[in-house]
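*Asks:* I'd like to ask some things about the structure below.
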Amino acid sequence: MTNIDLMRQLRKAMMAFAATAGDEQAAAFPSLFPAWSAAGVAYAAGDRVQYGDLLYKCLTAHTSQESWTPPAAPSLWVRIDDPAVEWPEWRQPQGSTDAYAMGAKVSHNGKHWISTADANVWEPGVYGWEEA
């Protein structure tokens, strides 16, 4: 078996993993997923894509267009965070699909925070967060 054959088998195995991995597993390997494209790509609900250094999952089937980037279209995409990061950096939620759940942990302005509200869209230190 040649190195090229081995590489093809490895690629096939990685793509099979990416297709069947849960969101938590997928978040650990965002490079296995295709980059988001604005070039009229038909995305199905459940498809996962890279955008920047982050992984997003499609919520609603649609055909991409330039203004519907994952961060700009929260009705179409939800960010998948890496569960290996215990205190991920807080990001302003865009809507109900990416709001923080009660008990969610984040870091913000050099401090650790735990959400005390479900569907929390507030900035830590303003409302709905307890400093850890």
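Labels used: A, B, ... for chains in the order of the structure tokens, numbers from 1 for residues in each chain, and numbers from 1 for ligands as shown.
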Please extract the residues of chain A with a backbone DSSP assignment of helix (DSSP H, G or I) and present them as a VMD selection string.
*Replies:* chain A and resid 3 to 20 23 to 27 30 to 32 96 to 98
*Asks:* If you keep C-alpha atoms, can you produce a file of those selected residues as a PDB file, in the first residue's frame?
*Replies:*
```pdb
ATOM      1  CA  ASN A   3       1.464   6.542   1.157  1.00  0.00           C
ATOM      2  CA  ILE A   4      -1.199   8.024  -1.115  1.00  0.00           C
ATOM      3  CA  ASP A   5      -3.472   5.037  -0.441  1.00  0.00           C
ATOM      4  CA  LEU A   6      -2.903   5.421   3.299  1.00  0.00           C
ATOM      5  CA  MET A   7      -3.711   9.121   3.123  1.00  0.00           C
ATOM      6  CA  ARG A   8      -6.933   8.377   1.219  1.00  0.00           C
ATOM      7  CA  GLN A   9      -7.972   5.869   3.872  1.00  0.00           C
ATOM      8  CA  LEU A  10      -7.159   8.337   6.631  1.00  0.00           C
ATOM      9  CA  ARG A  11      -9.192  11.070   4.914  1.00  0.00           C
ATOM     10  CA  LYS A  12     -12.127   8.678   4.485  1.00  0.00           C
ATOM     11  CA  ALA A  13     -11.969   7.765   8.195  1.00  0.00           C
ATOM     12  CA  MET A  14     -11.817  11.434   9.242  1.00  0.00           C
ATOM     13  CA  MET A  15     -14.809  12.318   7.072  1.00  0.00           C
ATOM     14  CA  ALA A  16     -16.786   9.397   8.528  1.00  0.00           C
ATOM     15  CA  PHE A  17     -15.938  10.614  12.034  1.00  0.00           C
ATOM     16  CA  ALA A  18     -16.949  14.184  11.162  1.00  0.00           C
ATOM     17  CA  ALA A  19     -20.279  13.015   9.742  1.00  0.00           C
ATOM     18  CA  THR A  20     -21.218  10.971  12.805  1.00  0.00           C
ATOM     19  CA  ASP A  23     -21.447  18.456  18.524  1.00  0.00           C
ATOM     20  CA  GLU A  24     -19.119  18.193  21.539  1.00  0.00           C
ATOM     21  CA  GLN A  25     -16.747  15.873  19.671  1.00  0.00           C
ATOM     22  CA  ALA A  26     -16.978  17.975  16.505  1.00  0.00           C
ATOM     23  CA  ALA A  27     -16.094  21.169  18.370  1.00  0.00           C
ATOM     24  CA  PRO A  30     -13.337  22.162  13.621  1.00  0.00           C
ATOM     25  CA  SER A  31     -10.755  21.760  10.839  1.00  0.00           C
ATOM     26  CA  LEU A  32     -12.513  18.539   9.754  1.00  0.00           C
ATOM     27  CA  SER A  96     -32.316  32.821  21.546  1.00  0.00           C
ATOM     28  CA  THR A  97     -30.459  30.149  19.569  1.00  0.00           C
ATOM     29  CA  ASP A  98     -27.078  31.022  21.084  1.00  0.00           C
TER      30      ASP A  98
END
```
*Asks:* Using DSSP secondary structure from the backbone, list all strand (DSSP E or B) positions within chain A, as a count of residues only.
*Replies:* 33
*Asks:* From the set A:Cys58, A:Ala44, A:Ala104, A:Ala117, which residue has the shortest atom-to-atom contact distance to Pro83 (chain A), counting only C-alpha atoms?
*Replies:*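 Checking each of A:Cys58, A:Ala44, A:Ala104, A:Ala117 against Pro83 (chain A), counting only C-alpha atoms, the winner is A:Ala104.
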*Asks:* Nearest to Phe33 (chain A) among A:Arg48, A:Lys57, A:His108, A:Arg79, with distances taken over only C-alpha atoms: which residue is it?
*Replies:*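 For Phe33 (chain A), the nearest of the candidates is A:Arg48.
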*Asks:* Considering only C-alpha atoms, give me a table of residues in region 6-40 of chain A that are at most 12 Å from region 68-75 of chain A, with the closest atom pair and distance in Å for each, as a tab-separated table.
*Replies:*
```
residue	atom	partner	partner_atom	distance
A:Ala35	CA	A:Pro70	CA	10.9
A:Trp36	CA	A:Thr69	CA	7.7
A:Ser37	CA	A:Thr69	CA	8.4
A:Ala38	CA	A:Thr69	CA	7.5
A:Ala39	CA	A:Trp68	CA	11.0
A:Gly40	CA	A:Trp68	CA	10.6
```
*Asks:* Go ahead and write the residues just picked, N, CA and C atoms, as a PDB file, in the first residue's frame.
*Replies:*
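Generated output (selection_6.pdb):
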```
ATOM      1  N   ALA A  35     -15.177  25.050   5.273  1.00  0.00           N
ATOM      2  CA  ALA A  35     -15.357  26.470   5.584  1.00  0.00           C
ATOM      3  C   ALA A  35     -16.704  26.918   5.023  1.00  0.00           C
ATOM      4  N   TRP A  36     -17.355  27.828   5.744  1.00  0.00           N
ATOM      5  CA  TRP A  36     -18.604  28.397   5.263  1.00  0.00           C
ATOM      6  C   TRP A  36     -18.341  29.146   3.958  1.00  0.00           C
ATOM      7  N   SER A  37     -19.280  29.096   3.042  1.00  0.00           N
ATOM      8  CA  SER A  37     -19.132  29.764   1.763  1.00  0.00           C
ATOM      9  C   SER A  37     -20.366  30.605   1.464  1.00  0.00           C
ATOM     10  N   ALA A  38     -20.147  31.778   0.912  1.00  0.00           N
ATOM     11  CA  ALA A  38     -21.237  32.667   0.505  1.00  0.00           C
ATOM     12  C   ALA A  38     -21.664  32.420  -0.931  1.00  0.00           C
ATOM     13  N   ALA A  39     -21.079  31.426  -1.585  1.00  0.00           N
ATOM     14  CA  ALA A  39     -21.264  31.205  -3.024  1.00  0.00           C
ATOM     15  C   ALA A  39     -22.509  30.388  -3.364  1.00  0.00           C
ATOM     16  N   GLY A  40     -23.627  30.667  -2.725  1.00  0.00           N
ATOM     17  CA  GLY A  40     -24.865  29.983  -3.065  1.00  0.00           C
ATOM     18  C   GLY A  40     -24.877  28.509  -2.725  1.00  0.00           C
TER      19      GLY A  40
END
```
*Asks:* Find, counting only C-alpha atoms, the residue in A:Pro93, A:Gly52, A:Gly46, A:Gly128 that gets nearest to Trp113 (chain A).
*Replies:*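 Nearest candidate to Trp113 (chain A) out of A:Pro93, A:Gly52, A:Gly46, A:Gly128: A:Gly128.
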*Asks:* Compile the contact shell of Glu86 (chain A) as a PyMOL selection string: residues with an atom at most 9 Å away, counting only C-alpha atoms, same-chain residues fewer than 2 positions apart removed.
*Replies:* chain A and resi 82-84+88+105-106
*Asks:* Would you export the selected residues with N, CA and C atoms as a PDB file, in the first residue's frame, please?
*Replies:*
```pdb
ATOM      1  N   ASP A  82     -16.305  24.446  22.183  1.00  0.00           N
ATOM      2  CA  ASP A  82     -15.461  23.313  22.544  1.00  0.00           C
ATOM      3  C   ASP A  82     -15.650  23.004  24.026  1.00  0.00           C
ATOM      4  N   PRO A  83     -16.187  21.826  24.363  1.00  0.00           N
ATOM      5  CA  PRO A  83     -16.421  21.507  25.769  1.00  0.00           C
ATOM      6  C   PRO A  83     -15.137  21.299  26.571  1.00  0.00           C
ATOM      7  N   ALA A  84     -14.013  21.176  25.891  1.00  0.00           N
ATOM      8  CA  ALA A  84     -12.745  20.997  26.600  1.00  0.00           C
ATOM      9  C   ALA A  84     -12.290  22.299  27.255  1.00  0.00           C
ATOM     10  N   PRO A  88     -14.871  29.243  28.554  1.00  0.00           N
ATOM     11  CA  PRO A  88     -14.681  29.915  27.263  1.00  0.00           C
ATOM     12  C   PRO A  88     -14.945  31.414  27.383  1.00  0.00           C
ATOM     13  N   LYS A 105     -20.681  28.392  32.008  1.00  0.00           N
ATOM     14  CA  LYS A 105     -19.482  29.039  32.546  1.00  0.00           C
ATOM     15  C   LYS A 105     -18.806  29.831  31.437  1.00  0.00           C
ATOM     16  N   VAL A 106     -18.342  31.047  31.775  1.00  0.00           N
ATOM     17  CA  VAL A 106     -17.606  31.873  30.828  1.00  0.00           C
ATOM     18  C   VAL A 106     -16.518  32.651  31.559  1.00  0.00           C
TER      19      VAL A 106
END
```
*Asks:* Might you pull out every residue within 7 Å of Ala42 (chain A), with only C-alpha atoms counted and same-chain residues fewer than 4 positions away left off, and present them as a list in words?
*Replies:* His62, Thr63 and Ser64 of chain A
*Asks:* Given the selection you just returned, output its residues as a file containing C-alpha atoms, formatted as a PDB file, in the first residue's frame.
*Replies:*
```pdb
ATOM      1  CA  HIS A  62     -31.120  27.593   3.221  1.00  0.00           C
ATOM      2  CA  THR A  63     -28.922  28.670   0.333  1.00  0.00           C
ATOM      3  CA  SER A  64     -26.020  30.834   1.467  1.00  0.00           C
TER       4      SER A  64
END
```
*Asks:* If you measure from CA of Trp129 (chain A) to CA of Asp53 (chain A), what distance in Å do you get, rounded to one decimal?
*Replies:*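 Between CA of Trp129 (chain A) and CA of Asp53 (chain A) the gap is 26.0 Å.
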*Asks:* Measuring between only C-alpha atoms, which one of A:Met1, A:Leu54, A:Ala101, A:Val126 shows the shortest distance to Val78 (chain A)?
*Replies:*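 The shortest atom-to-atom distance to Val78 (chain A) comes from A:Leu54.
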*Asks:* What separation in Å, quoted to one decimal, exists between CA of Thr116 (chain A) and CA of Glu89 (chain A)?
*Replies:*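 Spanning CA of Thr116 (chain A) to CA of Glu89 (chain A) is a straight-line distance of 17.0 Å.
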*Asks:* With only C-alpha atoms as the atoms that count, which of A:Gln65, A:Asn109, A:Gln50, A:Asn120 lies nearest to Asp81 (chain A)?
*Replies:*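 Closest candidate: A:Gln50.
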*Asks:* What gap, in Å, lies between CA of Arg91 (chain A) and CA of Gly125 (chain A)?
*Replies:*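 Atom-to-atom, CA of Arg91 (chain A) to CA of Gly125 (chain A), that is 13.5 Å.
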